[in-house]
>>> print(open('run_36.tsv').read())   # TSV, C-alpha atoms
chain	number	residue	atom	x	y	z
A	401	MET	CA	0.00	0.00	0.00
A	402	ALA	CA	2.94	2.34	0.69
A	403	VAL	CA	4.08	2.00	-2.91
A	404	ARG	CA	0.54	2.68	-4.17
A	405	GLN	CA	0.30	5.74	-1.95
A	406	ILE	CA	3.67	7.06	-3.15
A	407	GLN	CA	2.55	6.55	-6.75
A	408	ALA	CA	-0.64	8.47	-6.01
A	409	ILE	CA	1.42	11.32	-4.59
A	410	CYS	CA	3.57	11.36	-7.74
A	411	SER	CA	0.42	11.55	-9.86
A	412	SER	CA	-0.89	14.42	-7.77
A	413	ALA	CA	2.38	16.29	-8.16
A	414	ARG	CA	2.29	15.82	-11.92
A	415	ALA	CA	-1.28	17.07	-12.07
A	416	THR	CA	-0.32	20.25	-10.25
A	417	TRP	CA	3.15	21.15	-11.53
A	418	LYS	CA	4.92	20.84	-14.85
A	419	ILE	CA	7.65	18.38	-13.92
A	420	HIS	CA	9.87	16.07	-15.85
A	421	ALA	CA	11.04	13.21	-13.68
A	422	ILE	CA	10.40	12.07	-10.11
A	423	SER	CA	12.34	9.64	-7.98
A	424	VAL	CA	11.33	8.51	-4.49
A	425	ALA	CA	13.18	6.06	-2.26
A	426	HIS	CA	12.55	5.07	1.36
A	427	ARG	CA	14.80	2.98	3.58
A	428	LEU	CA	13.38	-0.10	5.27
A	429	GLY	CA	14.74	-2.09	8.17
A	430	ALA	CA	17.34	-0.83	10.61
A	431	VAL	CA	18.60	2.66	9.77
A	432	PRO	CA	21.45	3.89	11.96
A	433	VAL	CA	21.19	7.36	13.45
A	434	GLY	CA	22.46	10.01	11.09
A	435	GLU	CA	21.68	8.10	7.91
A	436	THR	CA	19.11	9.19	5.37
A	437	SER	CA	15.74	7.47	5.51
A	438	VAL	CA	13.91	9.10	2.60
A	439	PHE	CA	14.97	10.56	-0.75
A	440	ILE	CA	12.83	12.58	-3.17
A	441	ALA	CA	14.17	14.07	-6.40
A	442	VAL	CA	12.16	16.14	-8.87
A	443	SER	CA	13.34	17.64	-12.13
A	444	ALA	CA	11.57	20.35	-14.11
A	445	VAL	CA	12.26	23.08	-16.66
A	446	HIS	CA	11.52	25.72	-14.04
A	447	HIS	CA	13.15	25.33	-10.65
A	448	ALA	CA	10.10	26.69	-8.81
A	449	ASP	CA	7.98	23.80	-10.11
A	450	ALA	CA	10.59	21.27	-9.02
A	451	LEU	CA	10.96	22.76	-5.55
A	452	ASP	CA	7.24	23.20	-4.97
A	453	ALA	CA	6.49	19.65	-6.15
A	454	CYS	CA	9.27	18.28	-3.97
A	455	LYS	CA	7.93	20.05	-0.87
A	456	PHE	CA	4.42	18.84	-1.65
A	457	MET	CA	5.63	15.28	-1.99
A	458	ILE	CA	7.53	15.10	1.28
A	459	ASP	CA	4.64	16.72	3.13
A	460	GLU	CA	2.19	14.24	1.58
A	461	LEU	CA	4.47	11.31	2.25
A	462	LYS	CA	4.70	12.21	5.92
A	463	ALA	CA	0.93	12.64	6.12
A	464	THR	CA	-0.31	9.60	4.20
A	465	VAL	CA	2.21	6.90	3.32
A	466	PRO	CA	1.83	3.88	5.63
A	467	ILE	CA	5.41	3.56	6.80
A	468	TRP	CA	6.31	3.44	10.49
A	469	LYS	CA	9.48	4.27	12.33
A	470	LYS	CA	10.42	2.92	15.72
A	471	GLU	CA	13.26	4.69	17.47
A	472	VAL	CA	15.36	2.31	19.50
A	473	TYR	CA	17.21	3.66	22.50
A	474	SER	CA	19.45	1.92	24.96
A	475	ASN	CA	16.70	2.17	27.57
A	476	GLY	CA	13.59	1.55	25.47
A	477	GLU	CA	11.88	2.14	22.17
A	478	VAL	CA	9.03	4.28	20.84
A	479	TRP	CA	6.94	4.42	17.68
A	480	LYS	CA	7.21	7.88	16.17
A	481	GLU	CA	4.12	9.77	14.99
A	482	ASN	CA	4.19	12.40	12.25
A	483	PRO	CA	2.38	15.64	13.14
A	484	GLU	CA	1.41	15.80	9.45
A	485	PHE	CA	-0.59	12.60	9.91
A	486	MET	CA	-2.23	13.74	13.13
A	487	GLU	CA	-3.34	17.00	11.49
A	488	ARG	CA	-4.60	15.23	8.39
A	489	ARG	CA	-6.46	12.69	10.55
A	490	SER	CA	-9.32	15.11	11.03
A	491	MET	CA	-9.61	15.84	7.33
A	492	GLU	CA	-11.07	13.73	4.57
A	493	PRO	CA	-8.78	10.81	3.72
A	494	ALA	CA	-8.63	10.08	0.00
A	495	GLY	CA	-11.76	12.09	-0.69
A	496	LYS	CA	-13.92	10.01	1.64
A	497	ALA	CA	-15.79	11.45	4.59
A	498	VAL	CA	-14.38	10.79	8.01
A	499	ASP	CA	-17.08	9.72	10.44
A	500	ALA	CA	-16.99	11.49	13.79
A	501	PRO	CA	-13.52	12.94	13.34
A	502	ASN	CA	-11.63	13.53	16.52
A	503	VAL	CA	-10.44	17.02	15.71
A	504	ALA	CA	-8.82	17.49	19.06
A	505	CYS	CA	-6.63	14.44	18.54
A	506	ARG	CA	-3.90	14.20	21.08
A	507	ARG	CA	-0.50	15.32	19.93
A	508	ILE	CA	0.92	11.95	20.90
A	509	CYS	CA	-1.09	8.75	20.56
A	510	CYS	CA	1.11	5.74	21.01
A	511	GLY	CA	3.28	8.10	22.96
A	512	ALA	CA	6.70	8.06	24.40
A	513	LYS	CA	6.77	4.70	26.06
A	514	SER	CA	10.14	5.17	27.63
A	515	LYS	CA	12.26	8.00	28.95
A	516	VAL	CA	15.34	8.92	27.02
A	517	SER	CA	18.45	9.83	28.93
A	518	ASP	CA	21.12	9.29	26.34
A	519	GLU	CA	21.51	9.35	22.57
A	520	SER	CA	19.44	7.10	20.36
A	521	THR	CA	21.18	4.11	18.87
A	522	ALA	CA	19.24	3.11	15.77
A	523	CYS	CA	15.99	3.55	13.91
A	524	GLU	CA	13.90	0.65	12.68
A	525	MET	CA	11.59	1.18	9.70
A	526	ASN	CA	8.55	-0.94	8.99
A	527	LEU	CA	6.76	-0.85	5.67
A	528	GLU	CA	3.06	-1.63	5.08
B	26	MET	CA	-30.37	-10.20	11.67
B	27	ALA	CA	-33.78	-9.72	10.11
B	28	ALA	CA	-36.79	-11.51	11.54
B	29	VAL	CA	-39.57	-12.63	9.22
B	30	GLU	CA	-43.08	-12.18	10.46
B	31	LEU	CA	-45.82	-14.45	9.21
B	32	LYS	CA	-49.39	-13.31	9.62
B	33	THR	CA	-51.72	-16.20	10.34
B	34	GLY	CA	-55.40	-16.35	9.39
B	35	ASN	CA	-56.58	-14.82	12.64
B	36	GLY	CA	-54.36	-11.79	12.34
B	37	ASP	CA	-51.70	-12.85	14.82
B	38	ALA	CA	-48.19	-12.05	13.72
B	39	LYS	CA	-45.38	-14.09	15.06
B	40	PRO	CA	-41.78	-14.37	14.04
B	41	VAL	CA	-41.05	-17.69	12.37
B	42	GLY	CA	-37.31	-17.37	12.36
B	43	ASN	CA	-34.45	-15.46	10.87
B	44	ALA	CA	-34.16	-14.55	7.23
B	45	THR	CA	-31.16	-16.08	5.55
B	46	THR	CA	-28.02	-14.08	6.27
B	47	SER	CA	-24.58	-14.80	5.01
B	48	SER	CA	-21.31	-13.88	6.56
B	49	VAL	CA	-18.20	-12.50	4.99
B	50	ASN	CA	-14.61	-13.32	5.82
B	51	VAL	CA	-12.24	-10.38	6.12
B	52	ARG	CA	-8.49	-10.54	6.57
B	53	VAL	CA	-7.24	-7.98	9.07
B	54	LEU	CA	-3.66	-6.68	9.13
B	55	PHE	CA	-2.05	-5.05	12.18
B	56	PHE	CA	0.89	-2.67	11.90
B	57	ALA	CA	3.37	-1.06	14.27
B	58	ARG	CA	1.77	-0.31	17.64
B	59	ALA	CA	-1.36	-2.25	16.65
B	60	ARG	CA	0.80	-5.30	16.10
B	61	ASP	CA	2.44	-4.81	19.51
B	62	LEU	CA	-0.94	-4.53	21.19
B	63	THR	CA	-2.57	-7.54	19.57
B	64	GLY	CA	0.53	-9.69	19.50
B	65	THR	CA	-0.17	-10.72	15.93
B	66	ALA	CA	0.45	-9.41	12.42
B	67	ASP	CA	-2.91	-10.52	11.07
B	68	THR	CA	-6.14	-12.29	11.86
B	69	LEU	CA	-9.29	-13.49	10.14
B	70	LEU	CA	-12.64	-11.93	10.95
B	71	GLU	CA	-16.06	-13.34	10.11
B	72	VAL	CA	-18.78	-10.69	10.13
B	73	THR	CA	-22.38	-10.49	8.98
B	74	SER	CA	-22.84	-9.61	5.34
B	75	GLY	CA	-23.37	-5.87	5.06
B	76	SER	CA	-21.10	-5.07	7.99
B	77	THR	CA	-19.00	-1.96	7.76
B	78	ALA	CA	-15.34	-1.31	8.46
B	79	GLY	CA	-16.50	0.30	11.69
B	80	ASP	CA	-18.39	-2.88	12.63
B	81	CYS	CA	-15.22	-4.86	12.02
B	82	LEU	CA	-13.26	-2.50	14.25
B	83	LYS	CA	-15.80	-2.95	17.07
B	84	GLU	CA	-15.42	-6.70	16.71
B	85	LEU	CA	-11.63	-6.41	16.73
B	86	ILE	CA	-11.60	-4.30	19.87
B	87	ALA	CA	-13.86	-6.83	21.55
B	88	ARG	CA	-11.38	-9.53	20.61
B	89	PHE	CA	-8.27	-7.44	21.33
B	90	PRO	CA	-9.23	-4.91	24.06
B	91	ALA	CA	-5.69	-3.50	24.06
B	92	LEU	CA	-6.49	-1.85	20.71
B	93	GLU	CA	-8.57	0.67	22.62
B	94	GLU	CA	-5.32	2.51	23.32
B	95	ILE	CA	-5.00	3.62	19.69
B	96	ARG	CA	-8.65	3.69	18.68
B	97	GLU	CA	-8.86	7.48	18.50
B	98	CYS	CA	-5.72	7.93	16.45
B	99	MET	CA	-5.80	4.99	14.07
B	100	VAL	CA	-7.12	5.04	10.53
B	101	LEU	CA	-8.43	2.14	8.47
B	102	ALA	CA	-7.54	0.99	4.99
B	103	LEU	CA	-9.65	-1.38	2.92
B	104	ASN	CA	-7.84	-3.21	0.11
B	105	GLU	CA	-4.91	-0.80	0.32
B	106	GLU	CA	-6.98	2.38	0.20
B	107	TYR	CA	-7.88	4.59	3.12
B	108	THR	CA	-11.51	4.18	4.04
B	109	SER	CA	-14.14	5.48	6.41
B	110	ASP	CA	-15.96	3.57	9.16
B	111	SER	CA	-19.06	3.35	6.99
B	112	ALA	CA	-17.50	1.43	4.09
B	113	VAL	CA	-19.14	-1.97	3.65
B	114	VAL	CA	-16.76	-4.92	3.70
B	115	LYS	CA	-17.05	-7.75	1.19
B	116	GLU	CA	-15.88	-11.34	1.13
B	117	ASN	CA	-12.06	-11.64	1.09
B	118	ASP	CA	-11.53	-7.93	1.70
B	119	GLU	CA	-8.34	-6.90	3.45
B	120	LEU	CA	-8.70	-4.42	6.32
B	121	ALA	CA	-5.57	-2.73	7.66
B	122	ILE	CA	-5.34	-1.16	11.11
B	123	ILE	CA	-3.09	1.84	10.67
B	124	PRO	CA	-1.74	3.60	13.78
B	125	PRO	CA	-0.15	7.05	13.39
B	126	ILE	CA	2.44	6.83	10.63
B	127	SER	CA	6.03	8.00	10.74
B	128	GLY	CA	7.60	7.75	7.32
B	129	GLY	CA	9.97	10.36	5.99
>>> encode(input="run_36.tsv", output="structure tokens")
Amino acid sequence: MAVRQIQAICSSARATWKIHAISVAHRLGAVPVGETSVFIAVSAVHHADALDACKFMIDELKATVPIWKKEVYSNGEVWKENPEFMERRSMEPAGKAVDAPNVACRRICCGAKSKVSDESTACEMNLE
Amino acid sequence: MAAVELKTGNGDAKPVGNATTSSVNVRVLFFARARDLTGTADTLLEVTSGSTAGDCLKELIARFPALEEIRECMVLALNEEYTSDSAVVKENDELAIIPPISGG
């Protein structure tokens, strides 16, 4: 589903901006701290189109693509939650009405399950 | 389930039984925190024909009460597309329980 969603985002970008080529890559599995987890490249005749499309795509990816990241610390682990998703949660997903939306959704849902006292060690990515 | 009423000659109406209902089998997928809470990556659900995604969720929370923790913040996907609670599930549909995402 993540691939389908990314493809949908690419289509949306093409419908809005005049762009030439798009490339999206997302790491899966263990990703050590400091390494890149996502890559988006957009080419266009006009740089404004490329930049605007790129920004749109990363914002949409963080709001809608079913990929999860669990940060692993020496003293625990926690599933991260994108604010972009939490904000979008109260809006219509994919053009369909949301029944009884919880507009005042808590900032953290699954929440910080453990206290962090030192630096994180690795990030684990899970793909739907 | 619907009850069928049969009126007898003297005007009495009494239910004679249930109308035929079928059930549908739905495959449910759990991700991230949902998987932690249920202890499983997937499960099979049998629900009454005409049930909605929301009905399935109620059934899942009854079976896995721990899911209540993320009920307010999860979204549902039916056959790899985001869906609302009112979407009707069909035989062999795939319902995904999607906790808050964190890609990017």
>>> atom_distance(input="run_36.tsv", atom1="CA of Phe439 in chain A", atom2="CA of Glu487 in chain A")
22.9 Å
>>> residues_around(input="run_36.tsv", residues="Val51 in chain B", least_positions_apart="4", cutoff="9 Å", atoms="only C-alpha atoms", output="MDAnalysis selection string")
chainID B and resid 68:72 81 114:120
>>> axis_aligned_box(input="run_36.tsv", around="range 85-99 of chain B", padding_each_side="5 Å", output="JSON")
{"center_x": -9.4, "center_y": -0.8, "center_z": 19.1, "size_x": 18.9, "size_y": 27.5, "size_z": 20.0}
>>> closest_atom_pairs(input="run_36.tsv", of="chain B", to="chain A", cutoff="8 Å", atoms="all atoms listed in the file", output="CSV")
residue,atom,partner,partner_atom,distance
B:Phe56,CA,A:Glu528,CA,7.2
B:Ala57,CA,A:Trp468,CA,6.6
B:Arg58,CA,A:Cys510,CA,7.0
B:Glu94,CA,A:Cys510,CA,7.6
B:Ile95,CA,A:Cys509,CA,6.5
B:Glu97,CA,A:Asn502,CA,6.9
B:Cys98,CA,A:Cys509,CA,6.2
B:Val100,CA,A:Arg489,CA,7.7
B:Glu105,CA,A:Met401,CA,5.0
B:Glu106,CA,A:Met401,CA,7.4
B:Tyr107,CA,A:Pro493,CA,6.3
B:Thr108,CA,A:Lys496,CA,6.7
B:Ser109,CA,A:Val498,CA,5.6
B:Asp110,CA,A:Asp499,CA,6.4
B:Ser111,CA,A:Asp499,CA,7.5
B:Ile123,CA,A:Pro466,CA,7.3
B:Pro125,CA,A:Glu481,CA,5.3
B:Ile126,CA,A:Trp468,CA,5.1
B:Ser127,CA,A:Trp468,CA,4.6
B:Gly128,CA,A:Ile467,CA,4.8
B:Gly129,CA,A:Val438,CA,5.3
>>> closest_residue(input="run_36.tsv", among="A:Val431, A:Val472, A:Met457, A:Ala450", to="Trp417 in chain A", atoms="all atoms listed in the file")
A:Ala450
>>> atom_distance(input="run_36.tsv", atom1="CA of Ser443 in chain A", atom2="CA of Gln407 in chain A")
16.4 Å
>>> atom_distance(input="run_36.tsv", atom1="CA of Ser412 in chain A", atom2="CA of Ala448 in chain A")
16.5 Å
>>> residues_near_point(input="run_36.tsv", point="(6.3, 5.4, -12.5)", cutoff="9 Å", atoms="all atoms listed in the file", output="mmCIF file with C-alpha atoms, in the frame of the given file")
data_model
loop_
_atom_site.group_PDB
_atom_site.id
_atom_site.type_symbol
_atom_site.label_atom_id
_atom_site.label_comp_id
_atom_site.auth_asym_id
_atom_site.auth_seq_id
_atom_site.Cartn_x
_atom_site.Cartn_y
_atom_site.Cartn_z
ATOM 1 C CA GLN A 407 2.550 6.550 -6.750
ATOM 2 C CA CYS A 410 3.570 11.360 -7.740
ATOM 3 C CA SER A 411 0.420 11.550 -9.860
ATOM 4 C CA ILE A 422 10.400 12.070 -10.110
ATOM 5 C CA SER A 423 12.340 9.640 -7.980
#
>>> closest_residue(input="run_36.tsv", among="B:Ala87, B:Val49, B:Ala59, B:Ile122", to="Asn104 in chain B", atoms="all atoms listed in the file")
B:Ile122
>>> closest_residue(input="run_36.tsv", among="A:Gly476, A:Cys454, A:Pro432, A:Val445", to="Ile409 in chain A", atoms="all atoms listed in the file")
A:Cys454
